[in-house]
Structures are given as C-alpha cells and as structure tokens.
>>> print(open('upload_23.cif').read())   # mmCIF, C-alpha atoms
data_data
#
loop_
_atom_site.group_PDB
_atom_site.id
_atom_site.type_symbol
_atom_site.label_atom_id
_atom_site.label_comp_id
_atom_site.auth_asym_id
_atom_site.auth_seq_id
_atom_site.Cartn_x
_atom_site.Cartn_y
_atom_site.Cartn_z
ATOM 1 C CA MET C 1435 30.173 125.959 -136.429
ATOM 2 C CA SER C 1436 32.853 126.686 -139.050
ATOM 3 C CA ALA C 1437 36.519 126.865 -138.085
ATOM 4 C CA PRO C 1438 37.990 130.346 -137.448
ATOM 5 C CA LEU C 1439 39.469 132.099 -140.452
ATOM 6 C CA LEU C 1440 42.323 133.516 -138.346
ATOM 7 C CA ARG C 1441 43.644 131.913 -135.170
ATOM 8 C CA VAL C 1442 46.176 133.767 -133.002
ATOM 9 C CA ARG C 1443 47.723 131.986 -130.024
ATOM 10 C CA ASP C 1444 50.108 133.370 -127.363
ATOM 11 C CA LEU C 1445 51.499 136.022 -129.723
ATOM 12 C CA ALA C 1446 54.484 137.882 -128.254
ATOM 13 C CA THR C 1447 56.224 140.759 -130.039
ATOM 14 C CA HIS C 1448 59.134 142.386 -128.209
ATOM 15 C CA PHE C 1449 61.406 145.318 -128.999
ATOM 16 C CA PHE C 1450 65.029 144.951 -127.961
ATOM 17 C CA THR C 1451 66.292 148.438 -127.122
ATOM 18 C CA ARG C 1452 69.043 150.019 -125.057
ATOM 19 C CA ALA C 1453 66.440 150.780 -122.397
ATOM 20 C CA GLY C 1454 65.598 147.085 -122.158
ATOM 21 C CA VAL C 1455 63.150 144.651 -123.681
ATOM 22 C CA LEU C 1456 59.778 146.266 -124.433
ATOM 23 C CA LYS C 1457 57.022 143.662 -124.327
ATOM 24 C CA ALA C 1458 54.673 145.458 -126.717
ATOM 25 C CA VAL C 1459 52.551 142.324 -127.249
ATOM 26 C CA ASP C 1460 52.726 139.705 -124.516
ATOM 27 C CA GLY C 1461 50.685 136.534 -124.949
ATOM 28 C CA VAL C 1462 47.755 137.690 -127.089
ATOM 29 C CA SER C 1463 45.257 135.047 -128.264
ATOM 30 C CA PHE C 1464 42.031 135.386 -130.246
ATOM 31 C CA ASP C 1465 40.048 133.914 -133.139
ATOM 32 C CA LEU C 1466 38.452 135.710 -136.078
ATOM 33 C CA SER C 1467 35.695 134.299 -138.279
ATOM 34 C CA ALA C 1468 34.852 135.151 -141.872
ATOM 35 C CA GLY C 1469 32.597 138.203 -142.087
ATOM 36 C CA GLU C 1470 33.256 139.197 -138.463
ATOM 37 C CA ILE C 1471 34.216 142.684 -137.272
ATOM 38 C CA LEU C 1472 36.498 142.580 -134.238
ATOM 39 C CA GLY C 1473 37.309 145.735 -132.270
ATOM 40 C CA LEU C 1474 40.734 146.082 -130.653
ATOM 41 C CA VAL C 1475 40.801 148.975 -128.161
ATOM 42 C CA GLY C 1476 43.059 150.520 -125.547
ATOM 43 C CA GLU C 1477 45.109 153.609 -124.726
ATOM 44 C CA SER C 1478 48.129 154.622 -126.791
ATOM 45 C CA GLY C 1479 50.954 152.206 -126.078
ATOM 46 C CA SER C 1480 48.652 149.324 -125.141
ATOM 47 C CA GLY C 1481 49.988 147.157 -127.990
ATOM 48 C CA LYS C 1482 46.964 147.171 -130.270
ATOM 49 C CA SER C 1483 48.726 148.582 -133.355
ATOM 50 C CA VAL C 1484 51.758 146.320 -132.865
ATOM 51 C CA THR C 1485 49.351 143.372 -132.724
ATOM 52 C CA GLY C 1486 47.956 144.424 -136.109
ATOM 53 C CA TYR C 1487 51.414 144.886 -137.639
ATOM 54 C CA SER C 1488 52.480 141.500 -136.279
ATOM 55 C CA LEU C 1489 49.647 139.788 -138.148
ATOM 56 C CA LEU C 1490 51.032 141.085 -141.448
ATOM 57 C CA GLY C 1491 54.697 140.546 -140.565
ATOM 58 C CA LEU C 1492 55.390 144.291 -140.569
ATOM 59 C CA ILE C 1493 57.598 144.380 -137.477
ATOM 60 C CA ASP C 1494 60.973 146.008 -138.142
ATOM 61 C CA PRO C 1495 64.139 145.758 -136.012
ATOM 62 C CA PRO C 1496 64.688 146.159 -133.120
ATOM 63 C CA GLY C 1497 61.298 144.469 -132.828
ATOM 64 C CA ARG C 1498 60.530 140.863 -133.608
ATOM 65 C CA ILE C 1499 57.919 138.215 -132.930
ATOM 66 C CA VAL C 1500 59.462 136.011 -130.249
ATOM 67 C CA ALA C 1501 56.688 133.485 -129.602
ATOM 68 C CA GLY C 1502 53.233 132.358 -130.566
ATOM 69 C CA SER C 1503 51.280 131.282 -133.607
ATOM 70 C CA ILE C 1504 49.311 133.096 -136.318
ATOM 71 C CA ARG C 1505 47.352 130.743 -138.550
ATOM 72 C CA LEU C 1506 45.335 131.951 -141.535
ATOM 73 C CA HIS C 1507 43.142 129.022 -142.546
ATOM 74 C CA ASP C 1508 45.663 126.194 -142.066
ATOM 75 C CA GLN C 1509 48.791 128.188 -142.915
ATOM 76 C CA GLU C 1510 51.215 129.253 -140.189
ATOM 77 C CA LEU C 1511 52.396 132.814 -140.873
ATOM 78 C CA ILE C 1512 55.143 133.139 -138.276
ATOM 79 C CA GLY C 1513 58.417 132.005 -139.792
ATOM 80 C CA LEU C 1514 57.339 132.405 -143.410
ATOM 81 C CA PRO C 1515 60.105 133.681 -145.716
ATOM 82 C CA PRO C 1516 59.827 137.400 -146.595
ATOM 83 C CA ALA C 1517 58.828 136.616 -150.199
ATOM 84 C CA ALA C 1518 55.950 134.429 -149.017
ATOM 85 C CA LEU C 1519 54.760 137.123 -146.625
ATOM 86 C CA ARG C 1520 54.843 139.734 -149.389
ATOM 87 C CA ASP C 1521 52.689 137.444 -151.514
ATOM 88 C CA LEU C 1522 50.123 137.185 -148.705
ATOM 89 C CA ARG C 1523 49.935 140.923 -148.028
ATOM 90 C CA GLY C 1524 47.270 142.525 -150.131
ATOM 91 C CA ARG C 1525 46.046 139.201 -151.474
ATOM 92 C CA ARG C 1526 44.902 137.463 -148.267
ATOM 93 C CA LEU C 1527 45.811 140.007 -145.576
ATOM 94 C CA ALA C 1528 45.531 143.760 -146.063
ATOM 95 C CA MET C 1529 45.966 146.822 -143.891
ATOM 96 C CA VAL C 1530 44.454 150.296 -143.821
ATOM 97 C CA PHE C 1531 46.671 152.794 -142.030
ATOM 98 C CA GLN C 1532 45.674 155.848 -140.016
ATOM 99 C CA ASP C 1533 47.009 158.476 -142.431
ATOM 100 C CA PRO C 1534 46.321 157.811 -146.129
ATOM 101 C CA MET C 1535 48.858 160.455 -147.158
ATOM 102 C CA THR C 1536 51.631 158.194 -145.872
ATOM 103 C CA THR C 1537 50.360 155.188 -147.852
ATOM 104 C CA LEU C 1538 49.241 156.822 -151.106
ATOM 105 C CA ASN C 1539 51.998 157.929 -153.470
ATOM 106 C CA PRO C 1540 51.539 161.673 -154.140
ATOM 107 C CA VAL C 1541 53.110 161.552 -157.642
ATOM 108 C CA LEU C 1542 51.020 158.668 -159.027
ATOM 109 C CA THR C 1543 47.376 158.746 -160.048
ATOM 110 C CA ILE C 1544 44.925 156.600 -158.143
ATOM 111 C CA ALA C 1545 44.596 154.364 -161.221
ATOM 112 C CA ALA C 1546 48.363 153.779 -161.380
ATOM 113 C CA GLN C 1547 48.557 152.918 -157.682
ATOM 114 C CA MET C 1548 45.639 150.507 -157.850
ATOM 115 C CA GLN C 1549 47.067 148.886 -160.976
ATOM 116 C CA LEU C 1550 50.344 148.301 -159.109
ATOM 117 C CA ALA C 1551 48.457 146.742 -156.189
ATOM 118 C CA LEU C 1552 46.623 144.409 -158.562
ATOM 119 C CA GLY C 1553 49.703 143.534 -160.616
ATOM 120 C CA ALA C 1554 51.622 142.480 -157.522
ATOM 121 C CA HIS C 1555 49.377 139.429 -157.177
ATOM 122 C CA GLU C 1556 47.859 138.604 -160.554
ATOM 123 C CA ARG C 1557 48.227 139.305 -164.245
ATOM 124 C CA VAL C 1558 45.445 141.601 -165.336
ATOM 125 C CA SER C 1559 45.106 143.872 -168.342
ATOM 126 C CA ALA C 1560 45.070 147.625 -167.885
ATOM 127 C CA ARG C 1561 41.442 147.750 -169.018
ATOM 128 C CA ALA C 1562 40.294 144.999 -166.651
ATOM 129 C CA GLY C 1563 42.324 146.472 -163.796
ATOM 130 C CA ARG C 1564 40.799 149.889 -164.333
ATOM 131 C CA ALA C 1565 37.300 148.418 -164.349
ATOM 132 C CA ARG C 1566 37.919 146.564 -161.086
ATOM 133 C CA ALA C 1567 39.443 149.674 -159.504
ATOM 134 C CA ALA C 1568 36.441 151.778 -160.499
ATOM 135 C CA ASP C 1569 34.081 149.151 -159.073
ATOM 136 C CA VAL C 1570 35.880 149.095 -155.699
ATOM 137 C CA LEU C 1571 36.014 152.891 -155.529
ATOM 138 C CA THR C 1572 32.284 152.989 -156.133
ATOM 139 C CA ARG C 1573 31.751 150.457 -153.327
ATOM 140 C CA VAL C 1574 33.530 152.702 -150.821
ATOM 141 C CA GLY C 1575 31.508 155.758 -151.779
ATOM 142 C CA ILE C 1576 33.682 157.611 -154.336
ATOM 143 C CA PRO C 1577 31.324 159.396 -156.752
ATOM 144 C CA ASP C 1578 32.096 159.325 -160.477
ATOM 145 C CA ALA C 1579 34.756 156.702 -159.755
ATOM 146 C CA ALA C 1580 35.793 156.023 -163.359
ATOM 147 C CA ARG C 1581 36.768 159.653 -163.848
ATOM 148 C CA ARG C 1582 38.363 160.111 -160.409
ATOM 149 C CA LEU C 1583 40.785 157.275 -161.136
ATOM 150 C CA ASP C 1584 42.911 159.776 -163.054
ATOM 151 C CA ALA C 1585 43.154 162.158 -160.091
ATOM 152 C CA TYR C 1586 46.086 162.423 -157.673
ATOM 153 C CA PRO C 1587 45.781 161.976 -153.876
ATOM 154 C CA HIS C 1588 46.043 165.727 -153.178
ATOM 155 C CA GLN C 1589 42.911 166.271 -155.279
ATOM 156 C CA PHE C 1590 40.806 164.364 -152.746
ATOM 157 C CA SER C 1591 39.592 165.488 -149.332
ATOM 158 C CA GLY C 1592 40.805 163.682 -146.209
ATOM 159 C CA GLY C 1593 37.692 161.511 -146.054
ATOM 160 C CA MET C 1594 37.910 160.640 -149.739
ATOM 161 C CA ARG C 1595 41.605 159.766 -149.445
ATOM 162 C CA GLN C 1596 40.768 157.361 -146.636
ATOM 163 C CA ARG C 1597 38.087 155.802 -148.824
ATOM 164 C CA VAL C 1598 40.715 155.329 -151.535
ATOM 165 C CA ALA C 1599 43.049 153.653 -149.030
ATOM 166 C CA ILE C 1600 40.239 151.289 -148.013
ATOM 167 C CA ALA C 1601 39.527 150.583 -151.695
ATOM 168 C CA VAL C 1602 43.180 149.639 -152.276
ATOM 169 C CA ALA C 1603 42.959 147.224 -149.340
ATOM 170 C CA LEU C 1604 39.803 145.661 -150.839
ATOM 171 C CA LEU C 1605 41.173 145.446 -154.374
ATOM 172 C CA ASN C 1606 42.511 141.873 -154.183
ATOM 173 C CA ARG C 1607 39.531 140.642 -152.124
ATOM 174 C CA PRO C 1608 41.576 139.700 -149.019
ATOM 175 C CA ASP C 1609 40.306 137.346 -146.331
ATOM 176 C CA VAL C 1610 41.241 139.743 -143.499
ATOM 177 C CA ILE C 1611 41.643 143.522 -143.336
ATOM 178 C CA VAL C 1612 43.388 145.182 -140.384
ATOM 179 C CA ALA C 1613 42.317 148.825 -140.037
ATOM 180 C CA ASP C 1614 44.585 150.864 -137.741
ATOM 181 C CA GLU C 1615 42.535 153.845 -136.523
ATOM 182 C CA PRO C 1616 41.672 154.889 -140.093
ATOM 183 C CA THR C 1617 39.008 157.444 -139.129
ATOM 184 C CA THR C 1618 40.747 159.158 -136.194
ATOM 185 C CA ALA C 1619 41.683 162.306 -138.143
ATOM 186 C CA LEU C 1620 38.280 162.680 -139.832
ATOM 187 C CA ASP C 1621 35.323 164.742 -138.685
ATOM 188 C CA VAL C 1622 32.388 162.988 -137.083
ATOM 189 C CA SER C 1623 30.030 163.047 -140.070
ATOM 190 C CA ILE C 1624 32.631 161.595 -142.479
ATOM 191 C CA GLN C 1625 33.619 159.060 -139.838
ATOM 192 C CA ALA C 1626 30.015 157.867 -139.534
ATOM 193 C CA GLN C 1627 29.727 157.478 -143.319
ATOM 194 C CA ILE C 1628 32.892 155.363 -143.529
ATOM 195 C CA LEU C 1629 31.801 153.164 -140.614
ATOM 196 C CA ALA C 1630 28.459 152.494 -142.323
ATOM 197 C CA GLU C 1631 30.240 151.686 -145.593
ATOM 198 C CA MET C 1632 32.682 149.312 -143.860
ATOM 199 C CA LYS C 1633 29.831 147.399 -142.224
ATOM 200 C CA ALA C 1634 28.105 147.054 -145.584
ATOM 201 C CA LEU C 1635 31.317 145.907 -147.302
ATOM 202 C CA VAL C 1636 31.987 143.245 -144.681
ATOM 203 C CA ARG C 1637 28.411 142.034 -144.977
ATOM 204 C CA ASP C 1638 28.468 141.942 -148.786
ATOM 205 C CA LEU C 1639 31.990 140.572 -149.355
ATOM 206 C CA GLY C 1640 32.439 138.299 -146.333
ATOM 207 C CA THR C 1641 35.800 139.891 -145.503
ATOM 208 C CA ALA C 1642 36.828 139.733 -141.832
ATOM 209 C CA LEU C 1643 37.817 143.070 -140.293
ATOM 210 C CA ILE C 1644 39.958 143.961 -137.277
ATOM 211 C CA TRP C 1645 39.266 147.571 -136.320
ATOM 212 C CA ILE C 1646 41.961 149.096 -134.079
ATOM 213 C CA SER C 1647 40.898 152.189 -132.151
ATOM 214 C CA HIS C 1648 41.099 154.063 -128.866
ATOM 215 C CA ASP C 1649 37.537 155.311 -129.433
ATOM 216 C CA LEU C 1650 34.952 153.113 -127.734
ATOM 217 C CA ALA C 1651 32.093 154.983 -129.414
ATOM 218 C CA VAL C 1652 33.440 154.067 -132.858
ATOM 219 C CA VAL C 1653 33.966 150.428 -131.900
ATOM 220 C CA SER C 1654 30.496 150.172 -130.353
ATOM 221 C CA ALA C 1655 28.969 151.295 -133.663
ATOM 222 C CA LEU C 1656 30.974 148.860 -135.760
ATOM 223 C CA ALA C 1657 32.293 145.714 -134.050
ATOM 224 C CA SER C 1658 30.331 142.679 -132.948
ATOM 225 C CA ARG C 1659 33.105 141.587 -130.563
ATOM 226 C CA ILE C 1660 35.714 143.560 -128.638
ATOM 227 C CA LEU C 1661 39.178 142.954 -127.198
ATOM 228 C CA VAL C 1662 40.445 145.449 -124.605
ATOM 229 C CA MET C 1663 44.247 145.680 -124.374
ATOM 230 C CA TYR C 1664 46.470 147.077 -121.648
ATOM 231 C CA ALA C 1665 50.274 146.894 -121.471
ATOM 232 C CA GLY C 1666 50.485 144.321 -124.242
ATOM 233 C CA ARG C 1667 47.823 141.942 -122.941
ATOM 234 C CA ILE C 1668 44.131 141.389 -123.523
ATOM 235 C CA VAL C 1669 42.446 142.219 -120.207
ATOM 236 C CA GLU C 1670 38.824 141.797 -121.323
ATOM 237 C CA GLN C 1671 36.971 140.361 -124.298
ATOM 238 C CA GLY C 1672 33.472 139.483 -125.343
ATOM 239 C CA PRO C 1673 30.457 140.662 -127.361
ATOM 240 C CA THR C 1674 30.735 144.426 -127.764
ATOM 241 C CA ALA C 1675 27.290 145.331 -126.441
ATOM 242 C CA THR C 1676 27.716 143.112 -123.372
ATOM 243 C CA VAL C 1677 31.210 144.330 -122.492
ATOM 244 C CA LEU C 1678 30.288 148.000 -122.850
ATOM 245 C CA ARG C 1679 27.052 147.572 -120.894
ATOM 246 C CA ALA C 1680 28.600 145.581 -118.063
ATOM 247 C CA PRO C 1681 32.431 145.700 -118.015
ATOM 248 C CA ARG C 1682 34.170 143.275 -115.693
ATOM 249 C CA HIS C 1683 37.718 144.659 -115.769
ATOM 250 C CA PRO C 1684 38.314 147.961 -113.896
ATOM 251 C CA TYR C 1685 40.335 149.269 -116.839
ATOM 252 C CA THR C 1686 37.393 148.804 -119.217
ATOM 253 C CA GLY C 1687 35.156 150.462 -116.635
ATOM 254 C CA GLY C 1688 37.582 153.380 -116.397
ATOM 255 C CA LEU C 1689 37.634 153.849 -120.172
ATOM 256 C CA LEU C 1690 33.847 153.960 -120.228
ATOM 257 C CA ASP C 1691 33.585 156.326 -117.249
ATOM 258 C CA SER C 1692 35.916 158.780 -118.998
ATOM 259 C CA LEU C 1693 33.558 159.191 -121.968
ATOM 260 C CA PRO C 1694 31.971 162.674 -122.111
ATOM 261 C CA SER C 1695 28.572 161.084 -122.648
ATOM 262 C CA ARG C 1696 28.776 159.608 -119.127
ATOM 263 C CA ALA C 1697 28.987 163.066 -117.482
ATOM 264 C CA ALA C 1698 26.151 165.529 -116.904
ATOM 265 C CA PRO C 1699 26.560 169.046 -118.313
ATOM 266 C CA GLY C 1700 28.992 170.965 -116.105
ATOM 267 C CA GLN C 1701 30.175 167.820 -114.329
ATOM 268 C CA THR C 1702 33.911 167.085 -114.189
ATOM 269 C CA LEU C 1703 34.879 164.189 -116.441
ATOM 270 C CA GLN C 1704 36.113 161.031 -114.793
ATOM 271 C CA GLN C 1705 39.602 159.854 -115.635
ATOM 272 C CA ILE C 1706 41.850 156.893 -114.973
ATOM 273 C CA PRO C 1707 44.545 158.132 -112.559
ATOM 274 C CA GLY C 1708 48.198 157.997 -113.541
ATOM 275 C CA LEU C 1709 49.733 156.927 -116.813
ATOM 276 C CA PRO C 1710 50.211 153.577 -118.569
ATOM 277 C CA PRO C 1711 53.418 151.870 -117.398
ATOM 278 C CA THR C 1712 56.586 151.922 -119.443
ATOM 279 C CA LEU C 1713 56.924 148.623 -121.263
ATOM 280 C CA ALA C 1714 60.581 148.383 -120.239
ATOM 281 C CA ALA C 1715 59.661 148.222 -116.545
ATOM 282 C CA LEU C 1716 56.202 146.726 -116.114
ATOM 283 C CA PRO C 1717 54.945 146.436 -112.533
ATOM 284 C CA ALA C 1718 54.829 142.979 -110.995
ATOM 285 C CA GLY C 1719 51.578 141.077 -111.311
ATOM 286 C CA CYS C 1720 48.661 142.904 -112.922
ATOM 287 C CA ALA C 1721 50.106 145.793 -114.930
ATOM 288 C CA PHE C 1722 47.027 147.923 -114.166
ATOM 289 C CA HIS C 1723 47.177 147.625 -110.370
ATOM 290 C CA PRO C 1724 49.120 150.910 -109.727
ATOM 291 C CA ARG C 1725 46.185 152.805 -111.296
ATOM 292 C CA CYS C 1726 43.369 150.633 -109.934
ATOM 293 C CA ALA C 1727 41.201 151.570 -106.928
ATOM 294 C CA ARG C 1728 40.359 147.894 -106.367
ATOM 295 C CA ALA C 1729 43.964 146.683 -106.171
ATOM 296 C CA ASP C 1730 45.314 144.845 -103.117
ATOM 297 C CA VAL C 1731 48.160 142.454 -102.345
ATOM 298 C CA ALA C 1732 46.636 139.737 -104.541
ATOM 299 C CA CYS C 1733 47.261 141.950 -107.574
ATOM 300 C CA GLN C 1734 51.031 141.512 -107.131
ATOM 301 C CA VAL C 1735 50.479 138.157 -108.872
ATOM 302 C CA ALA C 1736 49.442 138.188 -112.513
ATOM 303 C CA PRO C 1737 45.806 137.029 -112.801
ATOM 304 C CA GLU C 1738 44.728 134.245 -115.128
ATOM 305 C CA THR C 1739 41.952 134.818 -117.657
ATOM 306 C CA THR C 1740 38.508 133.980 -116.308
ATOM 307 C CA LEU C 1741 36.137 132.630 -118.953
ATOM 308 C CA ALA C 1742 32.358 132.805 -118.678
ATOM 309 C CA GLY C 1743 30.481 131.850 -121.813
ATOM 310 C CA THR C 1744 31.491 134.217 -124.605
ATOM 311 C CA ARG C 1745 33.270 136.577 -122.205
ATOM 312 C CA GLY C 1746 36.681 136.667 -120.594
ATOM 313 C CA TRP C 1747 38.603 138.973 -118.248
ATOM 314 C CA ARG C 1748 41.969 139.026 -116.514
ATOM 315 C CA CYS C 1749 41.395 140.442 -112.999
ATOM 316 C CA HIS C 1750 41.479 139.292 -109.358
ATOM 317 C CA HIS C 1751 38.702 141.736 -108.384
ATOM 318 C CA PRO C 1752 36.334 142.136 -111.363
ATOM 319 C CA LEU C 1753 33.519 144.643 -111.375
ATOM 320 C CA ALA C 1754 30.187 143.176 -110.331
ATOM 321 C CA GLU C 1755 27.574 142.267 -112.896
ATOM 322 C CA PRO C 1756 24.681 144.743 -112.808
ATOM 323 C CA ALA C 1757 21.478 143.628 -111.124
ATOM 324 C CA PRO C 1758 18.939 142.161 -113.562
#
>>> encode(input="upload_23.cif", output="structure tokens")
Amino acid sequence: MSAPLLRVRDLATHFFTRAGVLKAVDGVSFDLSAGEILGLVGESGSGKSVTGYSLLGLIDPPGRIVAGSIRLHDQELIGLPPAALRDLRGRRLAMVFQDPMTTLNPVLTIAAQMQLALGAHERVSARAGRARAADVLTRVGIPDAARRLDAYPHQFSGGMRQRVAIAVALLNRPDVIVADEPTTALDVSIQAQILAEMKALVRDLGTALIWISHDLAVVSALASRILVMYAGRIVEQGPTATVLRAPRHPYTGGLLDSLPSRAAPGQTLQQIPGLPPTLAALPAGCAFHPRCARADVACQVAPETTLAGTRGWRCHHPLAEPAP
C-alpha cells in the first residue's frame, strides 16, 4: 500500500481572545491518499472549516496553530516561512471557498484571473495560459469555455461561478484540494451536477479532495471516507457507507436521525437537544455529554479513540452495531 499523500497528526489550532482560549481544532489526526475523497462533517462551530484553513496556513491572528504536524509527501508544512507557504498554495494545495463572489475579482475577466493564478507558480505565455484555462473550464462543465473566458463573474449564474472557482483551484494541478461547503448556496439540481463532476475530476486527475460540509446527504454521495467532528475533535471516522449505516457515536446517530428522510410524512423531526458548547468553556470530559442521552459519570473523563478495523470512535457508550 502506498504512503499517504497527506498526513495530519495531533493538529491543534487555538484562538486567543479576550473571552479565553478557543480550542477550534484540538488534536485532529488523519491520513489522505492520492485520488481519495474525504468528507469532513459536523455542525457549525465544530472546527471543520478551521481544520481546512489550517492545512493551507490560512489562520490569521488571534488564531494560530499551536501543536501538531501536517506533512504533504515528506514536507512538513507547519513552521514553513510565509513565502514558502504561498508557493505551495495553488500549486500543491488549493482551496475552494463557499461563496465564489468573495474569491473571484468582480472587475477582472475570468481569463485575467486564471492567468494570474497560473503566473504565480510558473512562467507561461498568454496563449498557453488561455488554452489551459479553457481546458479546465470545460472539465468543470462550462459550455463554450474559450468564449466565456472573456466574461466577468457577474455574467455567470451562481452554479457557474462555483464551477469557475473549482476550475481556478484545479488550474495548477494541485495534489490536494480542500473544498469548504462549496455547494451549500446552490439549488439541489446544480449541486448534484457539481458533485458528479468533482467525482469524475478526482478519478481522472488523481487529485485528493477534502470535502467540508454539514450536509450528510452530500457527503454520502461523494466521499469514500468520513470524519465526524464535534467541538474541535474527530469523534467518529470510517468508510462513509459503513458509518452512515451503523454509526457508533451518539452524535453521528443524532445527525442522521435529524435528517428529514428519516421521518415519515407528518412526523416531527428528531433533533439533538441543546446547542454545541462554547469553545471558550468546554465541558469536562466528553464535550458531547451534556446533550447525550447515554451520558453518565464515566463521560466526565475524556474518552480515548477506539479503533476497529477501518473505523474509529471516541465514546464511552457507543451505539450498538445492528444485528446481521
């Protein structure tokens, strides 16, 4: 078996505020292989987006990475000088953000923006750069790509703008793309098209993809493996189909039970009681125990991760495996 493309160990990213230290990411570890799609899910504030930003060194004060290791191939990324990190972004690591209108420059044509992204990492003629840009736009489903290069972002629909943002991320053929909820604001039909295109791109190009989302339905259609985060920690991980069919952590089970598809017509939707804890004052032990129906005195002590084959969970009282 080949070595992981990306290896993250005990990553901790904290924000030092007047309210206290916010442990947004607290001891996250995972591997990512070439051509793999990894889903990172959880409620808002669980730390999934900060994990993605940490991988690219995009944490601004008062936040900083305080511990851990991020290795891409054999290169340690934590501690790299800013210039070295800038050289890696776009060329070996790329990110697709949730709102393309905040990442695309409204006063530049798509061609100009893609040429800038290319020129940041290699010398390429305007003609060659335009040809590569048109090719990548075609790959992500932009019709008549050569002509649309001269358009501005406002001349595209929301779904097409997100395709352009994905194309910019693909332009320098990075090893890893981190996608931070890029289809959340799109309607269901456009979302399904982009998911199908992303799966095809990963398969054809061998790029590894981390897909960050709160939507389990989206992740189930895309990712081969899933990490479930809560209060800055991974509480469950494993093959997507297995985890969603038979969750072991009560938090994962609660997320699944709250899906509308789990309720009969007219039936009240299930919900996880309470709210996620504030990161400045996490409860002792398991951070989920104030919201968990299975919690007891043992949950006042933080559980270790239990490993079983390709699966792992962090819980003193895991949900039972379904009967065969």
>>> closest_atom_pairs(input="upload_23.cif", of="segment 1495-1576 of chain C", to="segment 1645-1667 of chain C", cutoff="12 Å", atoms="all atoms listed in the file", output="tab-separated table")
residue	atom	partner	partner_atom	distance
C:Met1529	CA	C:Trp1645	CA	10.1
C:Val1530	CA	C:Trp1645	CA	9.5
C:Phe1531	CA	C:Ile1646	CA	10.0
C:Gln1532	CA	C:Ile1646	CA	9.7
>>> resolve_selection(input="upload_23.cif", expression="the PyMOL selection byres ((chain C and resi 1522-1528) around 10)", output="number ranges by chain")
C: 1489-1492, 1506, 1511, 1516-1521, 1529-1531, 1551-1552, 1554-1556, 1600, 1602-1613, 1641-1643
>>> residues_around(input="upload_23.cif", residues="Gln1625 of chain C", least_positions_apart="6", cutoff="9 Å", atoms="only C-alpha atoms", output="PyMOL selection string")
chain C and resi 1593+1617-1619+1652
>>> closest_atom_pairs(input="upload_23.cif", of="segment 1454-1475 of chain C", to="segment 1673-1688 of chain C", cutoff="10 Å", atoms="all atoms listed in the file", output="JSON lines")
{"residue": "C:Leu1472", "atom": "CA", "partner": "C:Thr1674", "partner_atom": "CA", "distance": 8.9}
{"residue": "C:Gly1473", "atom": "CA", "partner": "C:Thr1674", "partner_atom": "CA", "distance": 8.1}
{"residue": "C:Val1475", "atom": "CA", "partner": "C:Thr1686", "partner_atom": "CA", "distance": 9.6}
>>> axis_aligned_box(input="upload_23.cif", around="segment 1465-1480 of chain C", padding_each_side="8 Å", output="JSON")
{"center_x": 41.8, "center_y": 144.3, "center_z": -133.4, "size_x": 34.4, "size_y": 36.7, "size_z": 33.4}
>>> atom_distance(input="upload_23.cif", atom1="atom CA of Gln1596 of chain C", atom2="atom CA of Pro1616 of chain C")
7.1 Å
>>> atom_distance(input="upload_23.cif", atom1="atom CA of Gly1708 of chain C", atom2="atom CA of Gly1479 of chain C")
14.1 Å
>>> atom_distance(input="upload_23.cif", atom1="atom CA of Ile1628 of chain C", atom2="atom CA of Leu1690 of chain C")
23.4 Å
>>> resolve_selection(input="upload_23.cif", expression="the PyMOL selection byres ((chain C and resi 1636) around 10)", output="ChimeraX atom specification")
/C:1468-1471,1610-1611,1631-1635,1637-1643
>>> write_last_selection(input="upload_23.cif", atoms="C-alpha atoms", output="PDB file, keeping the file's coordinate frame")
ATOM      1  CA  ALA C1468      34.852 135.151-141.872  1.00  0.00           C
ATOM      2  CA  GLY C1469      32.597 138.203-142.087  1.00  0.00           C
ATOM      3  CA  GLU C1470      33.256 139.197-138.463  1.00  0.00           C
ATOM      4  CA  ILE C1471      34.216 142.684-137.272  1.00  0.00           C
ATOM      5  CA  VAL C1610      41.241 139.743-143.499  1.00  0.00           C
ATOM      6  CA  ILE C1611      41.643 143.522-143.336  1.00  0.00           C
ATOM      7  CA  GLU C1631      30.240 151.686-145.593  1.00  0.00           C
ATOM      8  CA  MET C1632      32.682 149.312-143.860  1.00  0.00           C
ATOM      9  CA  LYS C1633      29.831 147.399-142.224  1.00  0.00           C
ATOM     10  CA  ALA C1634      28.105 147.054-145.584  1.00  0.00           C
ATOM     11  CA  LEU C1635      31.317 145.907-147.302  1.00  0.00           C
ATOM     12  CA  ARG C1637      28.411 142.034-144.977  1.00  0.00           C
ATOM     13  CA  ASP C1638      28.468 141.942-148.786  1.00  0.00           C
ATOM     14  CA  LEU C1639      31.990 140.572-149.355  1.00  0.00           C
ATOM     15  CA  GLY C1640      32.439 138.299-146.333  1.00  0.00           C
ATOM     16  CA  THR C1641      35.800 139.891-145.503  1.00  0.00           C
ATOM     17  CA  ALA C1642      36.828 139.733-141.832  1.00  0.00           C
ATOM     18  CA  LEU C1643      37.817 143.070-140.293  1.00  0.00           C
TER      19      LEU C1643
END
>>> residues_around(input="upload_23.cif", residues="Phe1464 of chain C", least_positions_apart="3", cutoff="10 Å", atoms="all atoms listed in the file", output="list in words")
Pro1438, Leu1440, Arg1441, Val1442, Arg1443, Asp1444, Leu1445, Leu1472, Ile1504, Leu1661, Ile1668 and Gln1671 of chain C
>>> residues_around(input="upload_23.cif", residues="segment 1560-1567 of chain C", least_positions_apart="6", cutoff="7 Å", atoms="only C-alpha atoms", output="PyMOL selection string")
chain C and resi 1545+1548-1549+1605
>>> write_last_selection(input="upload_23.cif", atoms="C-alpha atoms", output="PDB file, in the coordinates of the input")
ATOM      1  CA  ALA C1545      44.596 154.364-161.221  1.00  0.00           C
ATOM      2  CA  MET C1548      45.639 150.507-157.850  1.00  0.00           C
ATOM      3  CA  GLN C1549      47.067 148.886-160.976  1.00  0.00           C
ATOM      4  CA  LEU C1605      41.173 145.446-154.374  1.00  0.00           C
TER       5      LEU C1605
END
>>> decode(input="upload_23.cif", residues="segment 1730-1737 of chain C", atoms="N, CA and C atoms", output="CSV table (one decimal), in the first residue's frame")
chain,number,residue,atom,x,y,z
C,1730,ASP,N,-23.2,9.3,31.3
C,1730,ASP,CA,-23.2,9.0,32.8
C,1730,ASP,C,-22.0,9.6,33.4
C,1731,VAL,N,-21.6,9.2,34.6
C,1731,VAL,CA,-20.5,9.7,35.3
C,1731,VAL,C,-19.2,9.4,34.5
C,1732,ALA,N,-19.1,8.3,33.8
C,1732,ALA,CA,-17.9,8.0,33.1
C,1732,ALA,C,-17.6,9.0,32.0
C,1733,CYS,N,-18.6,9.7,31.5
C,1733,CYS,CA,-18.4,10.7,30.5
C,1733,CYS,C,-17.7,12.0,31.0
C,1734,GLN,N,-17.5,12.1,32.3
C,1734,GLN,CA,-16.8,13.3,32.8
C,1734,GLN,C,-15.3,13.2,32.5
C,1735,VAL,N,-14.9,12.0,32.1
C,1735,VAL,CA,-13.5,11.8,31.6
C,1735,VAL,C,-13.4,11.6,30.1
C,1736,ALA,N,-12.5,12.4,29.5
C,1736,ALA,CA,-12.5,12.3,28.0
C,1736,ALA,C,-12.2,10.9,27.5
C,1737,PRO,N,-13.0,10.4,26.6
C,1737,PRO,CA,-12.7,9.0,26.1
C,1737,PRO,C,-11.6,9.0,25.1
